[in-house]
Amino acid sequence: MTLPMPDSAPQVHLAVLQQFRVIYGTMRQYFREVEEHCGLSGSQMWVLQEVQRSPGIGVTELAARLAIHQSTCSQLVEKLAARRCLVKTRKQEDHRRLGLHLAPDGAKAIAALPGSAEGALPEALAAIPEVALKTLHINLSELILHLPGRDDAFASMPLAEMVRNVP
C-alpha cells in the first residue's frame with residue numbers, strides 16, 4: 001500500500017510521519033516474531049546468522065558487518081556464548097584473536113528464523129535502486145540535522161534492540 005502524496009506542505013509532513021510509523025511498526029512486529037520463534041532477540045539472531053555464513057569470524061569483522069560498535073558486538077557474543085549458541089575458539093595463526101562458531105543451540109535457533117535475521121528494513125533497502133537509495137540517504141541526513149536532541153550514538157546500535165526495548 002502506498003500512502004497518497006498530499007497537496008499541501010503541512011499535510012506532507014504528516015504523510016511522512018505516517019511513513020515512519022509504518023517502518024517502525026513493521027520493524028517492531030517483525031522482531032517480536034523473531035523473538036517468539038527463536039527465543040533470541042533480532043540482534044542476537046543476526047550475529048548467529050553472520051557466524052553461520054562465516055565460521056571463525058572475529059568480533060571486529062562481525063561488528064563491521066552488523067554496522068555496530070565493537071563493544072556492543074562483544075556483549076552480544078558473550079550473551080550468546082553464555083546461552084551455548086556460540087563457541088569461541090582461539091585462532092591458530094594468532095592465539096590472541098578469537099574465532100566464532102555456531103553451537104548446536106545456535107543452529108537450532110537459526111533453523112527457527114521466520115525470515116532474514118537482519119530484518120525487513122535492510123532487506124528493503126538492499127532492494128531499492130541505487131539512485132533512490134542515495135536520494136533517501138541525502139534526505140534522511142537533512143532530516144537528522146533538524147532533529148532536536150539528536151544522538152548520533154544510535155547509529156551504531158542494532159535496530160532490533162531499539163525497537164525491542166520499547167514498552
# chains A, B, ... in the order shown; residues from 1 in each chain; ligands from 1
call {"tool": "closest_atom_pairs", "arguments": {"of": "region 43-143 of chain A", "to": "region 151-164 of chain A", "cutoff": "8 Å", "atoms": "only C-alpha atoms", "output": "tab-separated table"}}
result
residue	atom	partner	partner_atom	distance
A:Ser43	CA	A:Ala160	CA	5.6
A:Leu66	CA	A:Pro158	CA	7.7
A:Ala67	CA	A:Ser156	CA	6.2
A:Ile68	CA	A:Ser156	CA	4.2
A:His69	CA	A:Ser156	CA	5.4
A:Thr72	CA	A:Met157	CA	7.5
A:Gly119	CA	A:Ala160	CA	7.9
call {"tool": "write_last_selection", "arguments": {"atoms": "C-alpha atoms", "output": "PDB file, in the first residue's frame"}}
result
ATOM      1  CA  SER A  43      20.313  -8.658  17.097  1.00  0.00           C
ATOM      2  CA  LEU A  66      26.487  -5.527  11.541  1.00  0.00           C
ATOM      3  CA  ALA A  67      27.455  -1.817  11.451  1.00  0.00           C
ATOM      4  CA  ILE A  68      27.537  -1.716  15.260  1.00  0.00           C
ATOM      5  CA  HIS A  69      30.136  -0.696  17.822  1.00  0.00           C
ATOM      6  CA  THR A  72      28.093  -3.816  21.565  1.00  0.00           C
ATOM      7  CA  GLY A 119      15.076  -7.733   9.490  1.00  0.00           C
TER       8      GLY A 119
END
call {"tool": "closest_atom_pairs", "arguments": {"of": "region 69-90 of chain A", "to": "region 31-40 of chain A", "cutoff": "12 Å", "atoms": "only C-alpha atoms", "output": "JSON lines"}}
result
{"residue": "A:Leu76", "atom": "CA", "partner": "A:Leu40", "partner_atom": "CA", "distance": 10.8}
{"residue": "A:Lys79", "atom": "CA", "partner": "A:Leu40", "partner_atom": "CA", "distance": 10.2}
{"residue": "A:Leu80", "atom": "CA", "partner": "A:Leu40", "partner_atom": "CA", "distance": 9.0}
{"residue": "A:Arg83", "atom": "CA", "partner": "A:Leu40", "partner_atom": "CA", "distance": 9.8}
{"residue": "A:Cys85", "atom": "CA", "partner": "A:Leu40", "partner_atom": "CA", "distance": 10.0}
call {"tool": "closest_atom_pairs", "arguments": {"of": "region 14-87 of chain A", "to": "region 130-143 of chain A", "cutoff": "12 Å", "atoms": "only C-alpha atoms", "output": "Markdown table"}}
result
| residue | atom | partner | partner_atom | distance |
| --- | --- | --- | --- | --- |
| A:Val16 | CA | A:Leu143 | CA | 11.1 |
| A:Leu17 | CA | A:Leu143 | CA | 11.7 |
| A:Phe20 | CA | A:Leu140 | CA | 11.3 |
call {"tool": "write_last_selection", "arguments": {"atoms": "C-alpha atoms", "output": "compact mmCIF listing (two decimals), in the first residue's frame"}}
result
# COMPACT_ATOMS: atom_id res chain seq x y z
CA VAL A 16 5.93 11.42 6.03
CA LEU A 17 5.29 10.88 9.73
CA PHE A 20 7.94 6.47 9.57
call {"tool": "select_by_dssp", "arguments": {"residues": "chain A", "states": "strand (DSSP E)", "output": "list in words"}}
result
Leu86, Val87, Lys88, Thr89, Arg90, Leu98, Gly99, Leu100, His101 and Leu102 of chain A
call {"tool": "closest_residue", "arguments": {"among": "A:Arg65, A:Leu98, A:Ala103, A:Gly56", "to": "Ala81 (chain A)", "atoms": "only C-alpha atoms"}}
result
A:Ala103
